[in-house]
Amino acid sequence: MLRMPPFELLQPNDLDEAIALLCLHKGQARILAGGTDLLPALKYGKDAAEVVIALGRIDALRGVSHSDAGLRIGALTTLDDVGADPDINTLAPAVAAAAISAASPPIRRRATLGGNLLLDVRCRYVDQSALFRTALGGCLKSHGAECHVVPGGRTCVAALCADTVAPMVAHGATIEIAGEQGRRTLPLADLYDADGCTPARIGASEILCAVTLPTLAPNTVVASRRWALRKAIDFPLISVAARVERNDDGEVRGGAVVVTALGPQPRITALDAYVGHRLDDETRAAIVAHVLRRSRTLPNLPFDAEYRHERLGVELARLLRGMAVMASD
């Protein structure tokens, strides 16, 4: 049995106190939300922390509210609650479906939306015990000087495998971050960096507070699909979402396809080239081919990269076909 390493646990009662503690222990503290990612990482020696700041007492970071601007979801809202919320299921069903497909019921009851969006990137060479990584000589993300996935590479290409990211980016989500310099808002897509060593653009004294899903324009549909070896527990090996906007005649007027589980950032492909087209067989095939050309699968996850590339095309084709059926209903 792996033992939890020793650390100091702090439990602030409000957001201001939490930020003050992060500032006091800058560079030494880690944030604990649901703990389903951090605690195993600490046990395996993948991560280390002298201080852990648990946010569980901050009720202001929980819950879902609905306004004309859209849905606001607190970062401490569990994936189980996101998947069960009636407003999210009505106004953002792809997000609800992604949340309820993650991991397993016991994990979803603990795991939070904020924790899922800030899930550390994954790689077959770093998601191992400290003993394994030491024997290998480390990598760019741990303590080494090379990438074992892309020899000679200067940045880490570990994959972002969080289930909710693709549909939320496709939906146009924005996030609220609070820190010692105040609050800031940015598109969720801008949270992610191209280097897996520092995959999230969030400061050491900042906290992700909430996500806002804007109200979609009429004739706009967002949908997503995931593929993993097992339907439960496993992280997705491919995750793809799409937003398709149409005019009253059923022609595409905009949208995007978002793919994750390739590298540290979501891969976003705009559908501008298909404006004025109907989402028929020819257009769907062209979109799939376009996305595949822009999507490089790497041996960073424990499955054949070429098959994952082929599977991406299959999942996107199924996704677009389902969206075309939804449009005709």
# chains A, B, ... in the order shown; residues from 1 in each chain; ligands from 1
$ residues_around --residues "Val95 in chain A" --least-positions-apart "4" --cutoff "9 Å" --atoms "only C-alpha atoms" --output "PyMOL selection string"
chain A and resi 82-83+88-89+99-100+163-168+171+222-224
$ write_last_selection --atoms "C-alpha atoms" --output "tab-separated table (two decimals), in the first residue's frame"
chain	number	residue	atom	x	y	z
A	82	VAL	CA	-23.04	18.96	-12.97
A	83	GLY	CA	-24.32	15.85	-14.73
A	88	ILE	CA	-27.24	22.18	-17.48
A	89	ASN	CA	-29.02	19.20	-19.04
A	99	ALA	CA	-19.42	15.16	-16.62
A	100	ILE	CA	-21.50	12.04	-16.05
A	163	ASP	CA	-13.60	14.95	-19.95
A	164	THR	CA	-15.34	18.32	-19.64
A	165	VAL	CA	-12.81	20.50	-21.49
A	166	ALA	CA	-13.75	19.76	-25.12
A	167	PRO	CA	-17.53	20.37	-24.79
A	168	MET	CA	-17.00	23.44	-22.60
A	171	HIS	CA	-19.69	25.89	-25.92
A	222	VAL	CA	-23.08	21.54	-29.21
A	223	ALA	CA	-22.33	17.82	-28.87
A	224	SER	CA	-19.39	15.67	-27.81
$ select_by_dssp --residues "range 125-254 of chain A" --states "strand (DSSP E)" --output "PyMOL selection string"
chain A and resi 174-179+182-187+207-214+220-227+238-246+252-254
$ residues_around --residues "Ala232 in chain A" --least-positions-apart "3" --cutoff "8 Å" --atoms "only C-alpha atoms" --output "PyMOL selection string"
chain A and resi 101-104
$ residues_around --residues "range 129-132 of chain A" --least-positions-apart "2" --cutoff "6 Å" --atoms "only C-alpha atoms" --output "JSON, numbers by chain"
{"A": [44, 45, 134, 135]}
$ residues_around --residues "Glu251 in chain A" --least-positions-apart "2" --cutoff "6 Å" --atoms "only C-alpha atoms" --output "list in words"
Arg246, Asn247, Asp249, Gly276, His277 and Arg278 of chain A
$ write_last_selection --atoms "N, CA and C atoms" --output "short mmCIF file (atom, residue, chain, number, x, y, z; two decimals), in the first residue's frame"
data_model
loop_
_atom_site.label_atom_id
_atom_site.label_comp_id
_atom_site.auth_asym_id
_atom_site.auth_seq_id
_atom_site.Cartn_x
_atom_site.Cartn_y
_atom_site.Cartn_z
N ARG A 246 -26.23 27.31 -37.44
CA ARG A 246 -26.91 27.30 -38.73
C ARG A 246 -27.81 28.51 -38.87
N ASN A 247 -28.14 28.86 -40.12
CA ASN A 247 -29.14 29.89 -40.36
C ASN A 247 -30.51 29.24 -40.48
N ASP A 249 -32.21 28.56 -42.94
CA ASP A 249 -32.31 27.63 -44.07
C ASP A 249 -31.55 26.34 -43.84
N GLY A 276 -22.29 28.38 -45.39
CA GLY A 276 -23.13 28.30 -46.58
C GLY A 276 -23.41 26.89 -47.04
N HIS A 277 -22.74 25.90 -46.43
CA HIS A 277 -22.95 24.49 -46.77
C HIS A 277 -23.98 23.88 -45.82
N ARG A 278 -24.68 22.90 -46.29
CA ARG A 278 -25.50 22.09 -45.42
C ARG A 278 -24.65 20.99 -44.81
#
$ atom_distance --atom1 "CA of Ala286 in chain A" --atom2 "CA of Leu188 in chain A"
27.2 Å
$ select_by_dssp --residues "range 90-293 of chain A" --states "alpha helix (DSSP H)" --output "number ranges by chain"
A: 90-91, 93-101, 105-108, 113-117, 130-136, 165-171, 281-293
$ write_last_selection --atoms "N, CA and C atoms" --output "compact mmCIF listing (two decimals), in the first residue's frame"
# COMPACT_ATOMS: atom_id res chain seq x y z
N THR A 90 -30.58 20.90 -19.81
CA THR A 90 -31.44 21.55 -20.81
C THR A 90 -30.64 22.48 -21.72
N LEU A 91 -29.76 23.29 -21.15
CA LEU A 91 -29.09 24.35 -21.91
C LEU A 91 -27.68 23.96 -22.38
N PRO A 93 -26.44 20.26 -22.69
CA PRO A 93 -26.48 18.80 -22.48
C PRO A 93 -25.15 18.10 -22.75
N ALA A 94 -24.33 18.64 -23.66
CA ALA A 94 -23.04 18.01 -23.94
C ALA A 94 -22.13 18.09 -22.72
N VAL A 95 -22.21 19.19 -21.97
CA VAL A 95 -21.40 19.33 -20.76
C VAL A 95 -21.88 18.36 -19.69
N ALA A 96 -23.20 18.25 -19.53
CA ALA A 96 -23.74 17.31 -18.55
C ALA A 96 -23.34 15.89 -18.89
N ALA A 97 -23.42 15.53 -20.17
CA ALA A 97 -23.06 14.17 -20.59
C ALA A 97 -21.59 13.88 -20.36
N ALA A 98 -20.73 14.87 -20.61
CA ALA A 98 -19.30 14.68 -20.39
C ALA A 98 -19.00 14.49 -18.91
N ALA A 99 -19.66 15.26 -18.06
CA ALA A 99 -19.42 15.16 -16.62
C ALA A 99 -19.84 13.79 -16.09
N ILE A 100 -20.98 13.30 -16.59
CA ILE A 100 -21.50 12.04 -16.05
C ILE A 100 -20.78 10.83 -16.65
N SER A 101 -19.97 11.05 -17.70
CA SER A 101 -19.23 9.93 -18.30
C SER A 101 -17.84 9.78 -17.70
N PRO A 105 -19.02 6.46 -10.56
CA PRO A 105 -19.91 7.19 -9.64
C PRO A 105 -19.24 7.65 -8.34
N PRO A 106 -18.48 6.80 -7.65
CA PRO A 106 -17.85 7.29 -6.41
C PRO A 106 -16.88 8.45 -6.65
N ILE A 107 -16.13 8.39 -7.75
CA ILE A 107 -15.20 9.47 -8.05
C ILE A 107 -15.95 10.74 -8.42
N ARG A 108 -17.02 10.61 -9.22
CA ARG A 108 -17.79 11.80 -9.64
C ARG A 108 -18.44 12.50 -8.45
N LEU A 113 -15.73 20.18 -10.76
CA LEU A 113 -15.59 20.71 -12.11
C LEU A 113 -14.28 21.46 -12.25
N GLY A 114 -13.94 22.30 -11.27
CA GLY A 114 -12.68 23.04 -11.33
C GLY A 114 -11.49 22.11 -11.36
N GLY A 115 -11.54 21.05 -10.56
CA GLY A 115 -10.46 20.09 -10.56
C GLY A 115 -10.33 19.38 -11.89
N ASN A 116 -11.45 19.10 -12.54
CA ASN A 116 -11.40 18.45 -13.85
C ASN A 116 -10.80 19.38 -14.90
N LEU A 117 -11.15 20.64 -14.86
CA LEU A 117 -10.60 21.59 -15.83
C LEU A 117 -9.11 21.81 -15.61
N ALA A 130 7.49 7.06 -8.60
CA ALA A 130 8.78 7.75 -8.57
C ALA A 130 9.92 6.79 -8.90
N LEU A 131 9.79 5.51 -8.48
CA LEU A 131 10.82 4.51 -8.77
C LEU A 131 10.97 4.31 -10.28
N PHE A 132 9.84 4.21 -10.99
CA PHE A 132 9.88 4.03 -12.45
C PHE A 132 10.55 5.22 -13.11
N ARG A 133 10.13 6.42 -12.72
CA ARG A 133 10.65 7.62 -13.38
C ARG A 133 12.14 7.83 -13.08
N THR A 134 12.56 7.46 -11.88
CA THR A 134 13.97 7.58 -11.54
C THR A 134 14.81 6.61 -12.38
N ALA A 135 14.30 5.38 -12.54
CA ALA A 135 15.02 4.39 -13.33
C ALA A 135 15.11 4.80 -14.79
N LEU A 136 14.08 5.49 -15.29
CA LEU A 136 14.06 5.92 -16.69
C LEU A 136 14.97 7.12 -16.92
N VAL A 165 -13.45 19.37 -20.81
CA VAL A 165 -12.81 20.50 -21.49
C VAL A 165 -13.34 20.68 -22.90
N ALA A 166 -13.36 19.62 -23.71
CA ALA A 166 -13.75 19.76 -25.12
C ALA A 166 -15.16 20.33 -25.27
N PRO A 167 -16.20 19.78 -24.61
CA PRO A 167 -17.53 20.37 -24.79
C PRO A 167 -17.64 21.78 -24.23
N MET A 168 -16.92 22.09 -23.15
CA MET A 168 -17.00 23.44 -22.60
C MET A 168 -16.32 24.46 -23.51
N VAL A 169 -15.18 24.10 -24.09
CA VAL A 169 -14.53 25.01 -25.04
C VAL A 169 -15.41 25.19 -26.27
N ALA A 170 -16.00 24.10 -26.76
CA ALA A 170 -16.91 24.20 -27.90
C ALA A 170 -18.10 25.09 -27.59
N HIS A 171 -18.55 25.07 -26.35
CA HIS A 171 -19.69 25.89 -25.92
C HIS A 171 -19.33 27.36 -25.79
N ASP A 281 -23.62 14.63 -46.18
CA ASP A 281 -22.54 13.64 -46.15
C ASP A 281 -21.22 14.22 -46.64
N GLU A 282 -21.28 14.99 -47.73
CA GLU A 282 -20.06 15.55 -48.31
C GLU A 282 -19.39 16.54 -47.37
N THR A 283 -20.19 17.42 -46.78
CA THR A 283 -19.63 18.43 -45.86
C THR A 283 -19.06 17.77 -44.62
N ARG A 284 -19.77 16.79 -44.08
CA ARG A 284 -19.27 16.11 -42.88
C ARG A 284 -17.95 15.40 -43.17
N ALA A 285 -17.85 14.75 -44.32
CA ALA A 285 -16.60 14.07 -44.68
C ALA A 285 -15.46 15.07 -44.84
N ALA A 286 -15.77 16.24 -45.39
CA ALA A 286 -14.73 17.27 -45.56
C ALA A 286 -14.27 17.79 -44.20
N ILE A 287 -15.20 17.97 -43.28
CA ILE A 287 -14.82 18.44 -41.94
C ILE A 287 -13.95 17.41 -41.24
N VAL A 288 -14.31 16.14 -41.32
CA VAL A 288 -13.52 15.08 -40.69
C VAL A 288 -12.10 15.08 -41.26
N ALA A 289 -11.99 15.16 -42.59
CA ALA A 289 -10.66 15.15 -43.22
C ALA A 289 -9.84 16.36 -42.79
N HIS A 290 -10.50 17.52 -42.68
CA HIS A 290 -9.83 18.75 -42.28
C HIS A 290 -9.28 18.63 -40.85
N VAL A 291 -10.11 18.12 -39.96
CA VAL A 291 -9.69 17.98 -38.56
C VAL A 291 -8.56 16.96 -38.44
N LEU A 292 -8.65 15.86 -39.16
CA LEU A 292 -7.60 14.84 -39.09
C LEU A 292 -6.26 15.38 -39.58
N ARG A 293 -6.30 16.23 -40.60
CA ARG A 293 -5.04 16.81 -41.09
C ARG A 293 -4.38 17.68 -40.03
$ residues_around --residues "Arg30 in chain A" --least-positions-apart "2" --cutoff "12 Å" --atoms "only C-alpha atoms" --output "MDAnalysis selection string"
chainID A and resid 7:10 18:19 21:23 25:28 32:33 35 37:39 41:42 47:55 115 203:207
